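Structure first, commentary second.
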Number of protein chains: 4
Amino acid sequence: MPVHSLEAALGDCERAVRLRRSWLESTTGVAPTTLPYQHFDYESVLGACAEMVVGYVPLPVGVAGPLLLNGREFQVPMATVEGCLIASTKRGCKAIAESGGATATLLQQGMTRAPVLLFPSAARAAAFKKWLEAPEHFATAKSAFDATSRFARLSSARVTVAGRYAYARFACTTGDAMGMNMVSKGVTAVLDALQASEFGDMQLLGLSGNLCSDKKPAAVNWIEGRGCSVVAEATLPADVVSRVLKTTPEAAAQLNTAKNLVGSAMAGTSGGFNAHASNIVTAVFLATGQDAAQNVESSNCITLMEAVPPDADGNGAALRISVTMPSIEVGTVGGGTHLKPQKACLELLGVAGAAADAPGANAATLAMVVAGAVLAGELSLIAALSAGHLMRAHMQLNRKAPPKANGV
Amino acid sequence: MPVHSLEAALGDCERAVRLRRSWLESTTGVAPTTLPYQHFDYESVLGACAEMVVGYVPLPVGVAGPLLLNGREFQVPMATVEGCLIASTKRGCKAIAESGGATATLLQQGMTRAPVLLFPSAARAAAFKKWLEAPEHFATAKSAFDATSRFARLSSARVTVAGRYAYARFACTTGDAMGMNMVSKGVTAVLDALQASEFGDMQLLGLSGNLCSDKKPAAVNWIEGRGCSVVAEATLPADVVSRVLKTTPEAAAQLNTAKNLVGSAMAGTSGGFNAHASNIVTAVFLATGQDAAQNVESSNCITLMEAVPPDADGNGAALRISVTMPSIEVGTVGGGTHLKPQKACLELLGVAGAAADAPGANAATLAMVVAGAVLAGELSLIAALSAGHLMRAHMQLNRKAPPKANGV
Amino acid sequence: MPVHSLEAALGDCERAVRLRRSWLESTTGVAPTTLPYQHFDYESVLGACAEMVVGYVPLPVGVAGPLLLNGREFQVPMATVEGCLIASTKRGCKAIAESGGATATLLQQGMTRAPVLLFPSAARAAAFKKWLEAPEHFATAKSAFDATSRFARLSSARVTVAGRYAYARFACTTGDAMGMNMVSKGVTAVLDALQASEFGDMQLLGLSGNLCSDKKPAAVNWIEGRGCSVVAEATLPADVVSRVLKTTPEAAAQLNTAKNLVGSAMAGTSGGFNAHASNIVTAVFLATGQDAAQNVESSNCITLMEAVPPDADGNGAALRISVTMPSIEVGTVGGGTHLKPQKACLELLGVAGAAADAPGANAATLAMVVAGAVLAGELSLIAALSAGHLMRAHMQLNRKAPPKANGV
Amino acid sequence: MPVHSLEAALGDCERAVRLRRSWLESTTGVAPTTLPYQHFDYESVLGACAEMVVGYVPLPVGVAGPLLLNGREFQVPMATVEGCLIASTKRGCKAIAESGGATATLLQQGMTRAPVLLFPSAARAAAFKKWLEAPEHFATAKSAFDATSRFARLSSARVTVAGRYAYARFACTTGDAMGMNMVSKGVTAVLDALQASEFGDMQLLGLSGNLCSDKKPAAVNWIEGRGCSVVAEATLPADVVSRVLKTTPEAAAQLNTAKNLVGSAMAGTSGGFNAHASNIVTAVFLATGQDAAQNVESSNCITLMEAVPPDADGNGAALRISVTMPSIEVGTVGGGTHLKPQKACLELLGVAGAAADAPGANAATLAMVVAGAVLAGELSLIAALSAGHLMRAHMQLNRKAPPKANGV
């Protein structure tokens, strides 16, 4: 009985896992005794989420909130093993809430896929670019694309030529799904049609040519966006900054410029103009069944802060903060979102499943919550650093075990 | 009783979580019924890994292997909800094993931290750079640094000046810990000493100035490395490529150039010259208690493939493949590695805890396993794409639910 | 008499220059005796090209050719003080000509300008983006823009939001002018109209917000193009490669991958996937009156090479080469192109002044010549390096003075 | 008589040029009548600076100054055809001088060259890295290197591994030469020695592997420096800012952040955090015989501005500005610096030829003057843009011909 198909052979997932653990012990000499495997819904992952399963790793989920965003209150679920992260985000939420809340705006929504195509010559690759980008032909492509799904709607196609390679970056809306599968299917249909008509000399080398660009740091996502592009902002009165965050608007803004703008510039970043967006993105992604490997680009973020000086009467001093995140890739259907624990976290945010009347609205809300939580996290960490008390906070809170420093 | 300190107040973690779930339901109107909370060792995360805990998300763990690397066999634990990922990595491992195995080499090891410092003038910032980089003064700094820990050993300090800001990037070995806390402590000691002596006019704006660079895409990590820098390689006979991977060395190498070199170049990447390193890095990180938010830079990878032509007798045709990963940030002590489930996964690899005689050896082995698993993952995905059967594979395997496409 | 306005005061430019040289000697103590100043047409530069003139630097102009491109022969003028550069480019031209010539294709044409705008909030900046990118409003913007010039025609406007900043990147065709002035004028008209109507709360911080992006290395130009985007290609029979270039297709292609793809990837380049495009771009720009400071982005180039294996009969072995250059910024009217020496060089290429019937055709041809010359230059240098005889060639040719190495 | 060797055949350079012009007319059908060729010292360029010479392009040289830098006054020569550029730089100089002058500091000096080497395996490439970076072996390399020249002194060698490629970046001081030739010679000696001893299996694919990195935008130069790394700074009282520059410290600093930090960040730059450094760098390079093609990396620059608020008594308001330029590649011997016109410009700055007692001092001073002139140029352009009068200034000054807009 092959070890990878025990589930099918036995018809009992947990028993299959038990057998596989025995096999694992016999093959490695190590018994995975402390890796839990009971009380788990294996049926839901079978053939969909994981293979060769031998147990599970439970990630603790805490909530940071209330995040007051666009007039709604969210308790944001975060799955992490990094000490202080949830507490710090919660502190940021508190400061925002006491300041009247934050505002998030969706700038753009669309998943992309860019196959790599090979032509006999650069001139032919250029002809392909010219053809596909002509409005009249785009309509042809769109109709082939849109026919493949109830939700996928092609919104643009732009071709990058490099010698005789062409990378056609197709962008489409995908309802409330993150949408990688959908867009792949639509792209395949378009390419099939083109190969059968105008471009019989086109060779599909690979369905992804890295101009998509998925799970890699890439300027193309930073500049043109991928998934949901969101900007979130808040203005915090100086007294809130002082009372809740133990710093001043001036100190926070100064550090933000020194670290998130100048420091990141000197480090040669592309899209990493922030303190620790990846921490929050990863934790919310893990709690809500997103693809954590996509946090590479989903964490793209520029954090801006300004100290607003007081008016002539000495009033109005404040800290203005924003985070701009052009490529948050999320969905509320598909992938890990159908697993019950993760779905529970989506329900907590009121965004589980497909939005009834407005396809994409749940995914967009989730993206805005991610950005709002990043806003809170940036605020709290920059404040902590600017107050010079990061280490102290760690020592107080973590009496038991030496935690890792907050990623900064 | 404040909702964030129920554990301390009640002295019973699970009861605290139950109470917090009730509070959560009352505050949001949603009961997190399907988010599990029982059968979890809350004591181990309390005050160390998470706050405001309301349950946990169980991530299925599968094993990909045997990965034959440097003469040893590893069953690599991966925690993921992405269908096909483990199966695909396993297929790559099989092709490697049938080819005699892979070789991984550690190029460099060292964690970094770069505080941002403000001086009265750029000239003073320049003087600081000159001072700290002078061999005789480096010794002074090193002795202050090394005194803060049994494991941390300062290996270099390089200062980047931008106007009157100075970013001092300290690099050190940290034994088997990922080491962010250690290096922060050492840096603080050095700065305290300098402020008390030569540089009383130096102002510490923040312990991290983003030249570290942590959890952000940044050329500095790509170029100078962070954590473990590893290269892994294998040479696969053409018949293994054909039999196991269903493609040819030429097709795989052609696609690798078109996608991972040219496509990534056109996308404006820095460090993302690969197909889906982030997928494997994230899954191994989650299984072994690493900081998943650090996959942003830990996934930096360039994948190279060459088709070796047959000799005059028609023998020796092969596919040569390598992955070079300059910034894999891992530890086998500290952080989430002390949690029992994650520790079980480290034990499976034989790298749990501190290496007895050679500090850092366990972390280095873990980094090499990560690189080896990435090698397998790259091989399998490039092969699948080049064979044009990615979509088909998905459809066959996933009869139940439509999975997300493999990140490509 | 103020030293900067001697020309106006004296009504005799050369006398003004003579007086200014005396002043210069008296103020610095150094007489610029060997800086020539006679035989120069000062009237043409007065008030247009330079101020505080004290003489001129004569740059030698040589010709590299014949460059056989798209069926036409060009003798390409290059102004440089770098030994071997023209000879090396000429050698590449020879190899191309003996292979039947090269082909260049224009992929796109359009100059860009991106003012930075400040709004009261990120939400308002987002509203601006939504408004301007809506097809119906774009038409409004276009009509305001196009009214400012006979040649400028707005082709797109895309807004990048960062907090409450908005950077609106306007792209337009500009006839045969490089077009920076034209696009600035058009953008000003659009912004005036918008401030007077929908966006009274919009503040123009600066007419350029660096997303244009002019004279800086920037992924936005690499990805979206600026000026003329051109791809040029050629296929050279193996015997031409061997006879003229003293190397083999395999050796050249291997080095091209190792240096221009992998080496540049490791160096963290954005757009610099070539050997020395900047050398050729700069020399042609200087000869033809272009803005040499724009070679920063005009030199963006990816050079690809493939060794074509022989067929079954042992025929057809060849080297395929291409250069893709997305942001060549050139004009044949305006700027330094009206100066007689530079205009002579444009005339030599048959592209002086505005194209009679097809606005932009002369500028496009010039851009294609630039790309064709870069093709020749890349070919020659990669061949020389791969043959290991770069140093030797230098020593032979330069008996008199030790030249700088060809930029490589 | 071959057209490329007329000089040698005739023994009369000007006659050779005349003959070549006739040939050019006969081959292209265009007589280069208005391209000047008389009154030029052809002997100095023969076999050193250009080939196939048919005349010259005279670039007008103006002076911007006095630039008060480190207590000395410089009249900075600039060769350009861009209207307003010299006048604008001069205005910046005036503001600096009235504020007591600027300070420039040399951070680092060293030319680099990185050959690409191929090994049988990645493990061997890694062994090479380990070997060369070990202090004891570095000494061996240094002694081979230093023996090749009176001036070149190896200062470091760092190896980047990518699969079985190794890119060894050698850095050395080169006296007052820009030094590319020198470093190439030294590197060759080291590689010869290594191939003959420890690394007989090492194959030199090319003397430059693009990690140098020469004439390409590359993070490696931005982060590690190349040539001279310089920071220049000044503090301007608010009244000087207002009187000379027609703006305020606050407006200038606000625009600098919006454009040079945030705008450049959004554009995906690496090293282009400035307004128009390339303009000034290119003009000074052309006047002083530098390699203008190296302006790609020599223009790397981050411009920072801060508004200093007034003290309690209302005094002390000021604008603080700095430019940090890590890779200015200049020399005062070799290349085009021996040509008399260019040498006259070096003499004007007091930096012609080799520094008598301190090798490298003249090159360093030239680099600091470049940075100082960039400081003036940035100041003036940001002021002009922030005052919104860029277009107006152009219209006033350029009554004759429509100039290109200042590159911004």
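By convention in this document, the chains of the structure tokens carry letters A, B, ... by their order, each chain's residues are numbered from 1, and ligands are numbered from 1 in the order they are shown.
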Within 6 Å of region 140-153 of chain A using only C-alpha atoms, minus same-chain residues under 6 positions, as a ChimeraX atom specification: /A:172-175,186,190
Output of the above residues as a PDB file, in the first residue's frame, restricted to N, CA, C and O atoms:
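See out13.pdb below for the written result:
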ATOM      1  N   CYS A 172      -7.651  40.573 -14.173  1.00  0.00           N
ATOM      2  CA  CYS A 172      -9.108  40.377 -14.175  1.00  0.00           C
ATOM      3  C   CYS A 172      -9.664  40.438 -12.775  1.00  0.00           C
ATOM      4  O   CYS A 172      -8.948  40.215 -11.801  1.00  0.00           O
ATOM      5  N   THR A 173     -10.932  40.751 -12.690  1.00  0.00           N
ATOM      6  CA  THR A 173     -11.621  40.633 -11.413  1.00  0.00           C
ATOM      7  C   THR A 173     -12.057  39.177 -11.263  1.00  0.00           C
ATOM      8  O   THR A 173     -12.313  38.492 -12.249  1.00  0.00           O
ATOM      9  N   THR A 174     -12.095  38.725 -10.001  1.00  0.00           N
ATOM     10  CA  THR A 174     -12.355  37.305  -9.761  1.00  0.00           C
ATOM     11  C   THR A 174     -13.371  37.102  -8.646  1.00  0.00           C
ATOM     12  O   THR A 174     -13.290  36.130  -7.896  1.00  0.00           O
ATOM     13  N   GLY A 175     -14.308  38.014  -8.540  1.00  0.00           N
ATOM     14  CA  GLY A 175     -15.291  37.895  -7.470  1.00  0.00           C
ATOM     15  C   GLY A 175     -14.611  37.921  -6.125  1.00  0.00           C
ATOM     16  O   GLY A 175     -13.694  38.722  -5.907  1.00  0.00           O
ATOM     17  N   GLY A 186      -8.758  31.330 -17.626  1.00  0.00           N
ATOM     18  CA  GLY A 186      -9.118  32.312 -18.648  1.00  0.00           C
ATOM     19  C   GLY A 186      -7.972  32.580 -19.612  1.00  0.00           C
ATOM     20  O   GLY A 186      -8.166  32.658 -20.834  1.00  0.00           O
ATOM     21  N   VAL A 190      -7.721  32.182 -23.827  1.00  0.00           N
ATOM     22  CA  VAL A 190      -7.299  33.235 -24.763  1.00  0.00           C
ATOM     23  C   VAL A 190      -6.145  32.740 -25.628  1.00  0.00           C
ATOM     24  O   VAL A 190      -6.155  32.906 -26.858  1.00  0.00           O
TER      25      VAL A 190
END
Proximal residues of chain B relative to chain C (only C-alpha atoms; 7 Å) as number ranges by chain: B: 219, 223, 261, 266, 268, 270
Between CA of Val333 (chain B) and CA of Ser156 (chain B) - distance in Å to one decimal: 23.3 Å
In region 135-237 of chain B, what's strand (DSSP E) per DSSP? Answer as a short mmCIF file (atom, residue, chain, number, x, y, z; two decimals) with C-alpha atoms, in the first residue's frame?
data_model
loop_
_atom_site.label_atom_id
_atom_site.label_comp_id
_atom_site.auth_asym_id
_atom_site.auth_seq_id
_atom_site.Cartn_x
_atom_site.Cartn_y
_atom_site.Cartn_z
CA ARG B 153 29.80 37.09 18.37
CA LEU B 154 30.11 40.27 16.35
CA SER B 155 31.60 39.58 12.94
CA SER B 156 31.32 42.93 11.16
CA ALA B 157 29.92 46.43 11.35
CA ARG B 158 29.43 48.57 8.29
CA VAL B 159 27.98 52.07 8.35
CA THR B 160 25.79 53.58 5.64
CA VAL B 161 25.61 57.36 5.77
CA ALA B 162 22.68 59.34 4.34
CA TYR B 165 21.75 59.79 9.46
CA ALA B 166 24.02 56.80 9.98
CA TYR B 167 22.79 53.21 9.71
CA ALA B 168 25.27 50.85 11.36
CA ARG B 169 24.68 47.32 10.14
CA PHE B 170 26.05 44.96 12.78
CA ALA B 171 26.39 41.29 11.80
CA CYS B 172 27.02 38.50 14.27
CA THR B 173 26.78 34.78 14.76
CA GLN B 203 21.18 60.22 18.98
CA LEU B 204 19.61 56.77 18.70
CA LEU B 205 16.41 57.31 16.73
CA GLY B 206 15.45 53.65 16.55
CA GLY B 227 20.94 34.63 8.45
CA CYS B 228 22.21 31.63 6.50
CA SER B 229 23.44 31.94 2.92
CA VAL B 230 23.14 28.59 1.17
CA VAL B 231 23.64 27.15 -2.29
CA ALA B 232 22.16 23.75 -3.17
CA GLU B 233 22.68 21.82 -6.39
CA ALA B 234 22.01 18.56 -8.15
CA THR B 235 22.63 16.95 -11.52
CA LEU B 236 19.84 14.76 -12.91
CA PRO B 237 20.40 12.26 -15.70
#
DSSP helix (DSSP H, G or I) selection over region 168-284 of chain A, as a VMD selection string: chain A and resid 180 to 196 219 to 224 238 to 245 249 to 266 277 to 284
Pairwise distance for CA of Ala355 (chain A) and CA of Asp176 (chain A), rounded to one decimal in Å: 7.0 Å
Val308 (chain A) surroundings by only C-alpha atoms, 7 Å radius, close-in-sequence under 2 positions cut, as a count of residues only: 6
Residues within 7 Å of Leu245 (chain C), only C-alpha atoms, excluding chain neighbours under 2 positions, as a list in words: Val241, Ser242, Arg243, Thr247, Ser380 and Ala383 of chain C
Okay, now the selection with N, CA and C atoms, as a PDB file, in the first residue's frame?
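Saved file again_11.pdb follows:
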ATOM      1  N   VAL C 241      30.421  34.723 -36.918  1.00  0.00           N
ATOM      2  CA  VAL C 241      30.821  34.888 -35.510  1.00  0.00           C
ATOM      3  C   VAL C 241      32.293  34.535 -35.350  1.00  0.00           C
ATOM      4  N   SER C 242      32.676  33.469 -35.982  1.00  0.00           N
ATOM      5  CA  SER C 242      34.050  33.005 -35.852  1.00  0.00           C
ATOM      6  C   SER C 242      35.033  33.934 -36.591  1.00  0.00           C
ATOM      7  N   ARG C 243      34.702  34.279 -37.821  1.00  0.00           N
ATOM      8  CA  ARG C 243      35.619  35.046 -38.648  1.00  0.00           C
ATOM      9  C   ARG C 243      35.737  36.500 -38.201  1.00  0.00           C
ATOM     10  N   THR C 247      34.978  34.439 -31.949  1.00  0.00           N
ATOM     11  CA  THR C 247      34.452  33.608 -30.869  1.00  0.00           C
ATOM     12  C   THR C 247      33.423  32.643 -31.465  1.00  0.00           C
ATOM     13  N   SER C 380      29.888  43.014 -30.052  1.00  0.00           N
ATOM     14  CA  SER C 380      31.340  43.114 -30.143  1.00  0.00           C
ATOM     15  C   SER C 380      32.006  42.942 -28.790  1.00  0.00           C
ATOM     16  N   ALA C 383      31.633  39.381 -27.440  1.00  0.00           N
ATOM     17  CA  ALA C 383      32.544  38.536 -28.210  1.00  0.00           C
ATOM     18  C   ALA C 383      33.977  38.728 -27.726  1.00  0.00           C
TER      19      ALA C 383
END
Ala97 (chain C) environment, 10 Å, only C-alpha atoms, sequence neighbours closer than 6 positions dropped, as a VMD selection string: chain C and resid 65 to 69 73 91 234 236 240 376
Output of the above residues as a CSV table (one decimal), in the first residue's frame, restricted to C-alpha atoms:
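Result file is selection.csv:
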chain,number,residue,atom,x,y,z
C,65,GLY,CA,29.0,51.5,-39.8
C,66,PRO,CA,27.6,50.6,-42.0
C,67,LEU,CA,24.9,49.5,-39.7
C,68,LEU,CA,22.5,47.6,-41.9
C,69,LEU,CA,19.1,48.0,-40.1
C,73,GLU,CA,22.6,51.5,-44.2
C,91,ARG,CA,33.2,45.6,-35.7
C,234,ALA,CA,19.9,39.8,-35.6
C,236,LEU,CA,24.6,35.7,-37.2
C,240,VAL,CA,30.6,35.1,-39.3
C,376,ALA,CA,26.4,46.0,-32.5
